[in-house]
Amino acid sequence: MRVYLAGEREAYDLHTGEAAEWFQVVKRRLFSYYYHGFQDNNRPTHHVTHAREAGLDLFLDSGAFTAFSQGAEIQVDDYAAYIHQTADWWSVMSCLDAIGDAEGSYNNLKALESNGCKVAPVFHCREDARWLVKYLDEGYDYILLGGMVPESTRWLHEWLDWLWGDYLTHPDGTPRVKVHGFGLTDQFLMFRYPWYSVDSSSWLMTGIFGSCVFNRPEGLRKIVFSENSPDAKKWTSWHY
C-alpha cells in the first residue's frame, strides 16, 4: 500500500536552507490543485517544486471539495492547463470531481480526457454504484474513492465491505483495479481491504492536537500529551 502524506509543511528550514529532517525520509506527497495552483494563477507552489526536485512520488488532487467548501469553483480548462504544465511531475492525477453530482464528475472526466489529460475517475460515498460500474466497464485501471472523511468508521466499514465485495475484487479476493482512498486514516479500514494507495493529513494533525504516534509491539499507538486535547478527557484514551 502506498501512503501519500497530505497537508502543508515547509520542506526546508527557512533560516538555514537545509532540508527538514521529516522531508529527508518522506517518499510520497499529495498536493491539492486548489492550494498549489488555483490560488496562485496556476503556478505550482514551492512546496510542489521542492518535492519534485527531491524525486518524491507525487499525487495531484484536484481540490474540488476544498474549493466547494470555500465557495469557489475550479474551471475544467484551468485545471487542464495546470496538468499540461506539470503532467510529468505526478504518478497519478485526480479528475476534477463535481461535488454531489456524479454525472458532472463523469462529464469533467471526459472533458479533461478530450483535452489530453490522463486523469483517474473519482467515485464518492453515497453515489449510485452504476457510476462505479461504468468506470470499471470502460476499463479504468485506477479508481479513486472520495467523500469518506465526514463518514463514521462504522458506516464506512459496512459500505466498503459491500463495495469491495460486490465490485472491486475478484472471487479470490484480489483487487480488480488499483483503488485509492482519499483521506483514509483509520488503521482498521486501511488494512482490511487491498488498497493500492491512500492519503491522509493525520501525520500533521496528530501533533497539532497534542499527540504523538509510537510503534508499539501491538502496532501503532497514538498517545495524547496535551491536557487540552479532547482525547485526554476520555477515560478510555491512551494519554500521558
# chains A, B, ... in the order shown; residues from 1 in each chain; ligands from 1
call {"tool": "residues_around", "arguments": {"residues": "A:Phe188", "least_positions_apart": "4", "cutoff": "10 Å", "atoms": "only C-alpha atoms", "output": "number ranges by chain"}}
result
A: 153, 157, 192-193
call {"tool": "residues_around", "arguments": {"residues": "A:Gly7", "least_positions_apart": "5", "cutoff": "10 Å", "atoms": "only C-alpha atoms", "output": "list in words"}}
result
Arg29, Leu30, Phe31, Ser32, Tyr35, Asp199, Ser200, Ser201, Ser202, Trp203, Leu204 and Met205 of chain A
call {"tool": "atom_distance", "arguments": {"atom1": "atom CA of A:Phe182", "atom2": "atom CA of A:Glu151"}}
result
12.2 Å
call {"tool": "select_by_dssp", "arguments": {"residues": "stretch 9-210 of chain A", "states": "strand (DSSP E or B)", "output": "MDAnalysis selection string"}}
result
chainID A and resid 12 19 28:32 57:61 92:94 120 122:124 142:146 169 175 178:181 197:200
call {"tool": "closest_residue", "arguments": {"among": "A:Gln187, A:Thr169, A:Thr16, A:Asn42", "to": "A:Asp78", "atoms": "only C-alpha atoms"}}
result
A:Asn42
call {"tool": "residues_around", "arguments": {"residues": "A:Val92", "least_positions_apart": "6", "cutoff": "9 Å", "atoms": "only C-alpha atoms", "output": "list in words"}}
result
Leu58, Phe59, Leu60, Asp61, Lys118, Val119, Ala120 and Tyr142 of chain A
call {"tool": "decode", "arguments": {"residues": "stretch 193-213 of chain A", "atoms": "N, CA, C and O atoms", "output": "compact mmCIF listing (two decimals), in the first residue's frame"}}
result
# COMPACT_ATOMS: atom_id res chain seq x y z
N TYR A 193 -8.78 -3.90 3.55
CA TYR A 193 -9.02 -4.03 2.11
C TYR A 193 -7.71 -3.88 1.33
O TYR A 193 -6.77 -3.24 1.80
N PRO A 194 -7.67 -4.42 0.11
CA PRO A 194 -6.43 -4.36 -0.68
C PRO A 194 -6.26 -3.04 -1.43
O PRO A 194 -6.22 -3.01 -2.67
N TRP A 195 -6.16 -1.94 -0.69
CA TRP A 195 -5.94 -0.64 -1.31
C TRP A 195 -4.62 -0.63 -2.08
O TRP A 195 -3.63 -1.22 -1.63
N TYR A 196 -4.59 0.08 -3.17
CA TYR A 196 -3.31 0.33 -3.84
C TYR A 196 -2.63 1.53 -3.19
O TYR A 196 -1.41 1.56 -3.05
N SER A 197 -3.45 2.53 -2.79
CA SER A 197 -2.89 3.73 -2.17
C SER A 197 -3.95 4.43 -1.32
O SER A 197 -5.16 4.25 -1.53
N VAL A 198 -3.48 5.20 -0.35
CA VAL A 198 -4.35 6.04 0.48
C VAL A 198 -3.59 7.34 0.75
O VAL A 198 -2.40 7.45 0.50
N ASP A 199 -4.30 8.34 1.27
CA ASP A 199 -3.62 9.57 1.69
C ASP A 199 -4.26 10.08 2.97
O ASP A 199 -5.39 9.71 3.31
N SER A 200 -3.51 10.92 3.67
CA SER A 200 -4.01 11.47 4.92
C SER A 200 -3.16 12.65 5.36
O SER A 200 -1.99 12.74 5.02
N SER A 201 -3.78 13.54 6.12
CA SER A 201 -3.04 14.63 6.76
C SER A 201 -2.85 14.37 8.25
O SER A 201 -2.41 15.24 9.00
N SER A 202 -3.19 13.16 8.70
CA SER A 202 -3.10 12.83 10.13
C SER A 202 -1.68 12.93 10.67
O SER A 202 -1.47 13.17 11.85
N TRP A 203 -0.70 12.72 9.81
CA TRP A 203 0.70 12.82 10.26
C TRP A 203 1.00 14.21 10.80
O TRP A 203 1.87 14.38 11.66
N LEU A 204 0.28 15.23 10.31
CA LEU A 204 0.41 16.59 10.81
C LEU A 204 -0.58 16.88 11.93
O LEU A 204 -0.24 17.47 12.95
N MET A 205 -1.84 16.45 11.74
CA MET A 205 -2.89 16.80 12.68
C MET A 205 -2.69 16.15 14.04
O MET A 205 -3.08 16.71 15.06
N THR A 206 -2.07 14.97 14.07
CA THR A 206 -1.83 14.31 15.35
C THR A 206 -0.99 15.19 16.26
O THR A 206 -1.31 15.40 17.43
N GLY A 207 0.09 15.75 15.72
CA GLY A 207 0.93 16.64 16.52
C GLY A 207 0.27 17.96 16.84
O GLY A 207 0.42 18.50 17.94
N ILE A 208 -0.49 18.49 15.88
CA ILE A 208 -1.18 19.76 16.09
C ILE A 208 -2.13 19.67 17.28
O ILE A 208 -2.28 20.62 18.05
N PHE A 209 -2.76 18.50 17.46
CA PHE A 209 -3.71 18.33 18.55
C PHE A 209 -3.09 17.68 19.79
O PHE A 209 -3.80 17.11 20.62
N GLY A 210 -1.76 17.77 19.91
CA GLY A 210 -1.11 17.39 21.16
C GLY A 210 -0.85 15.91 21.36
O GLY A 210 -0.87 15.43 22.49
N SER A 211 -0.61 15.18 20.29
CA SER A 211 -0.37 13.74 20.41
C SER A 211 0.89 13.33 19.65
O SER A 211 1.38 14.07 18.80
N CYS A 212 1.38 12.13 19.97
CA CYS A 212 2.48 11.52 19.23
C CYS A 212 2.09 10.08 18.91
O CYS A 212 1.33 9.46 19.66
N VAL A 213 2.64 9.56 17.82
CA VAL A 213 2.37 8.18 17.45
C VAL A 213 3.63 7.35 17.72
O VAL A 213 4.73 7.73 17.31
